[in-house]
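J.: Can you read through this structure? Questions will come right after.
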Amino acid sequence: MASSLAFIGGGNMAGAILGGLLRAGQVKANDVIVVEPHEAQRDKLRADLGIEALPAGDASLAQAGTIVWAVKPQLFTAAAEPLQAWLAHALHLSVMAGIPSASLARVTGSERVVRSMPNTPALIGKGIAGLYARPSVSADERAAVERLLKPTGQTLWVDREDDLDAVTALSGSGPAYFFFFVEAMMAAAVDMGLTAEQGRRLALATCGGAAALGLRSDESPTTLRERVTSKGGTTHAAITSLQADGVDAAIRRAVRAAQQRAAELGREFG
């Protein structure tokens with residue numbers, strides 16, 4: 001049977017997308033082509049998803065209308081070169097960081113390229129992916145990409161490819177900032193006499209609940225913060241301490257550093 005979907009790389013992000021598609025009934029395991037050179041990862045795909053991945057690409061890729069690139073950026077060129085005879089006909093979706101769409105178009109021979117910047121909450125269907133499409137990608141193909149990524153969470157289109165660097169800095173790297181903050185809250189919990197597990201539960205539940213409240217509310221994060229921050233109260237003491245330490249400025253510098261590094265990687269891999 002002809003396949004409409006192929007993955008080059010079968011790691012965590014590919015597994016998250018495939019798992020969501022299989023659970024939603026959008027694809028069947030035996031209709032998807034996955035090229036994954038590592039035996040342990042092929043075994044995992046077989047055990048978790050019932051997918052028989054190929055150790056190397058072959059002419060079956062010519063049957064794929066959409067090809068998803070999910071290899072490490074530094075491995076892209078080496079992974080693509082042996083497959084070039086079977087790539088030019090397809091729509092290409094990249095979930096790799098740093099590879100410019102022009103490089104994808106040049107190596108694959110297809111101008112129909114969409115770049116995506118997902119994040120790790122995609123593994124549980126709670127991610128958000130920034131998307132950029134080259135001009136040759138049609139509206140129907142954009143919609144197809146959205147359907148493909150829907151099981152992993154939300155999508156957000158940007159008009160300029162350079163904006164993906166900002167997406168990378170905010171949401172791509174963002175989960176690490178969140179866990180960094182949780183680690184600090186856990187350490188503070190231990191300092192105050194709670195256990196690390198109690199600190200973990202309190203911090204994660206509080207942060208998760210605050211995020212859910214922010215998503216459901218029409219009010220700005222500033223308003224939501226101020227509602228908790230009574231003058232002279234405990235929250236006011238904490239916020240005042242954070243502001244005195246320049247934490248807000250430090251966060252902005254950190255996110256800009258991530259944006260600049262994303263741009264550097266694009267130039268390096270491009």
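Each chain in the structure tokens gets a letter, A, B and so on, in the order shown; residues start at 1 in every chain, and ligands are counted from 1 in the order they appear.
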Applying 8 Å and only C-alpha atoms, which residues near range 100-115 of chain A remain after dropping the ones on its own chain fewer than 6 positions away? List them as a list of chain:residue names.

T.: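 Once the adjacent positions are removed, what remains is A:Thr77, A:Ala80, A:Glu81, A:Gln84, A:Leu87, A:Ala88, A:His89, A:Ala90, A:Leu91, A:His92, A:Leu93, A:Ser94, A:Leu131, A:Tyr132, A:Ala133, A:Arg134, A:Pro135, A:Ser136, A:Val137, A:Gly266, A:Phe269, A:Gly270.
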
J.: Create the file for the chosen residues now, containing C-alpha atoms and written as a PDB file, in the first residue's frame.

T.:
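Saved to selection.pdb:
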```pdb
ATOM      1  CA  THR A  77      23.211  16.286   5.510  1.00  0.00           C
ATOM      2  CA  ALA A  80      19.719  13.117   3.444  1.00  0.00           C
ATOM      3  CA  GLU A  81      22.431  12.522   0.858  1.00  0.00           C
ATOM      4  CA  GLN A  84      18.096  12.307  -2.538  1.00  0.00           C
ATOM      5  CA  LEU A  87      12.864  13.242  -1.924  1.00  0.00           C
ATOM      6  CA  ALA A  88      12.051  15.894  -4.517  1.00  0.00           C
ATOM      7  CA  HIS A  89       8.360  15.007  -4.938  1.00  0.00           C
ATOM      8  CA  ALA A  90       7.387  15.387  -1.278  1.00  0.00           C
ATOM      9  CA  LEU A  91       6.245  18.012   1.184  1.00  0.00           C
ATOM     10  CA  HIS A  92       8.969  18.216   3.844  1.00  0.00           C
ATOM     11  CA  LEU A  93       8.367  19.025   7.513  1.00  0.00           C
ATOM     12  CA  SER A  94      11.424  19.610   9.695  1.00  0.00           C
ATOM     13  CA  LEU A 131       5.807  26.915  12.136  1.00  0.00           C
ATOM     14  CA  TYR A 132       7.230  28.642   9.067  1.00  0.00           C
ATOM     15  CA  ALA A 133       6.345  27.696   5.490  1.00  0.00           C
ATOM     16  CA  ARG A 134       8.254  28.518   2.322  1.00  0.00           C
ATOM     17  CA  PRO A 135       6.170  30.294  -0.348  1.00  0.00           C
ATOM     18  CA  SER A 136       5.661  27.102  -2.394  1.00  0.00           C
ATOM     19  CA  VAL A 137       3.695  25.459   0.434  1.00  0.00           C
ATOM     20  CA  GLY A 266      21.243  28.269  11.728  1.00  0.00           C
ATOM     21  CA  PHE A 269      24.226  24.194   9.854  1.00  0.00           C
ATOM     22  CA  GLY A 270      23.084  26.245   6.862  1.00  0.00           C
TER      23      GLY A 270
END
```

J.: Identify which of the residues A:Ala24, A:Ala258, A:Ala16, A:Ala56 lies closest to Ile124 in chain A, counting only C-alpha atoms when measuring atom-to-atom distances.

T.: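 Nearest candidate to Ile124 in chain A out of A:Ala24, A:Ala258, A:Ala16, A:Ala56: A:Ala16.
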
J.: Considering only C-alpha atoms, return as a VMD selection string whatever protein or nucleic-acid residues lie within 8 Å of Ser171 in chain A, sequence-local ones (same chain, fewer than 5 positions apart) excluded.

T.: chain A and resid 118 to 119 128 to 129

J.: Residues near Asn12 in chain A, anyone? I mean within 10 Å using only C-alpha atoms, not counting same-chain ones fewer than 5 positions away, as a CSV table (one decimal) with N, CA and C atoms, in the first residue's frame.

T.:
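Wrote result.csv, looks like this:
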```csv
chain,number,residue,atom,x,y,z
A,17,ILE,N,4.9,12.4,17.8
A,17,ILE,CA,4.0,12.7,16.7
A,17,ILE,C,3.3,11.4,16.2
A,18,LEU,N,4.1,10.3,16.0
A,18,LEU,CA,3.6,9.1,15.6
A,18,LEU,C,2.6,8.5,16.6
A,41,GLN,N,16.6,2.1,19.1
A,41,GLN,CA,15.5,2.9,18.8
A,41,GLN,C,14.4,2.2,18.0
A,45,LEU,N,10.5,1.6,18.9
A,45,LEU,CA,9.3,1.9,18.1
A,45,LEU,C,8.5,0.6,17.9
A,70,ALA,N,13.4,14.3,11.5
A,70,ALA,CA,13.5,14.3,12.9
A,70,ALA,C,14.9,13.8,13.4
A,120,THR,N,9.3,19.9,24.3
A,120,THR,CA,9.2,18.6,24.9
A,120,THR,C,7.8,18.3,25.5
A,122,ALA,N,5.3,18.3,23.9
A,122,ALA,CA,4.7,17.5,22.8
A,122,ALA,C,4.6,16.0,23.2
A,123,LEU,N,5.5,15.5,24.0
A,123,LEU,CA,5.5,14.1,24.4
A,123,LEU,C,4.3,13.7,25.1
```

J.: Here is a test: counting only C-alpha atoms, which residue of A:Thr66, A:Gly19, A:Ala169, A:Ala14 is nearest to Arg253 in chain A?

T.: A:Ala169

J.: Would you give me, as an NGL selection string, the residues in range 114-262 of chain A that DSSP reads as strand (DSSP E)?

T.: :A and (114-117 or 127-133 or 153-157)

J.: Measuring atom to atom with only C-alpha atoms, identify which of A:Val158, A:Val34, A:Leu148, A:Leu75 is nearest to Ala53 in chain A.

T.: A:Val34

J.: Identify which of the residues A:Val255, A:Ala212, A:Ala244, A:Ala203 lies closest to Gly172 in chain A, counting only C-alpha atoms when measuring atom-to-atom distances.

T.: A:Val255

J.: I need the residue nearest Ala85 in chain A from this list: A:Ala62, A:Ala196, A:Val32, A:Ala237. Use only C-alpha atoms for the distance.

T.: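 Of all the options, A:Ala62 lies closest to Ala85 in chain A.
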
J.: DSSP on the backbone: which residues in range 171-250 of chain A end up as helix (DSSP H, G or I)? Give the answer as a ChimeraX atom specification.

T.: /A:171-172,174-191,196-216,221-228,234-244,247-250

J.: So how many Å separate CA of Ser60 in chain A and CA of Val35 in chain A, to one decimal?

T.: 10.6 Å

J.: Within 10 Å of His38 in chain A, counting only C-alpha atoms, which residues qualify if same-chain residues fewer than 4 places away don't, as a ChimeraX atom specification?

T.: /A:9-11,42-43,53-56

J.: Which polymer residues have any atom within 9 Å of an atom of Val182 in chain A, counting only C-alpha atoms, with same-chain residues fewer than 6 positions away left out, as a VMD selection string?

T.: chain A and resid 199 to 200 203 to 204 207

J.: Could you please take those selected residues and save N, CA and C atoms as a CSV table (one decimal), in the first residue's frame?

T.:
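Ended up saving to result.csv:
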```
chain,number,residue,atom,x,y,z
A,199,GLY,N,8.4,19.5,48.2
A,199,GLY,CA,8.6,20.7,47.4
A,199,GLY,C,8.3,20.5,46.0
A,200,ARG,N,8.7,19.3,45.5
A,200,ARG,CA,8.4,19.0,44.1
A,200,ARG,C,6.9,19.1,43.8
A,203,ALA,N,5.6,22.7,44.1
A,203,ALA,CA,6.0,23.6,43.0
A,203,ALA,C,5.4,23.2,41.7
A,204,LEU,N,5.4,21.9,41.3
A,204,LEU,CA,4.8,21.5,40.0
A,204,LEU,C,3.3,21.8,40.0
A,207,CYS,N,2.8,25.7,39.7
A,207,CYS,CA,3.1,26.2,38.4
A,207,CYS,C,2.2,25.7,37.3
```

J.: With distances taken over only C-alpha atoms, which residue among A:Pro73, A:Tyr177, A:Gly65, A:Gly57 lies nearest Ala262 in chain A?

T.: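 Looking at the shortest contact to Ala262 in chain A, the residue is A:Pro73.
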
J.: Could you check how far CA of Ala79 in chain A sits from CA of Gln63 in chain A, in Å to one decimal?

T.: 18.3 Å

J.: Report as number ranges by chain all protein, DNA and RNA residues lying within 9 Å of Ala29 in chain A, evaluated on only C-alpha atoms, omitting residues in the same chain fewer than 4 positions from it.

T.: A: 18, 22, 33, 49-52

J.: With C-alpha atoms retained, could you export that selection as a tab-separated table (two decimals), in the first residue's frame?

T.:
```
chain	number	residue	atom	x	y	z
A	18	LEU	CA	3.56	9.08	15.57
A	22	LEU	CA	-1.82	6.32	15.85
A	33	ILE	CA	7.79	4.57	6.77
A	49	LEU	CA	4.01	1.69	18.60
A	50	GLY	CA	4.11	-1.52	16.57
A	51	ILE	CA	6.15	0.18	13.85
A	52	GLU	CA	8.80	-1.73	11.94
```
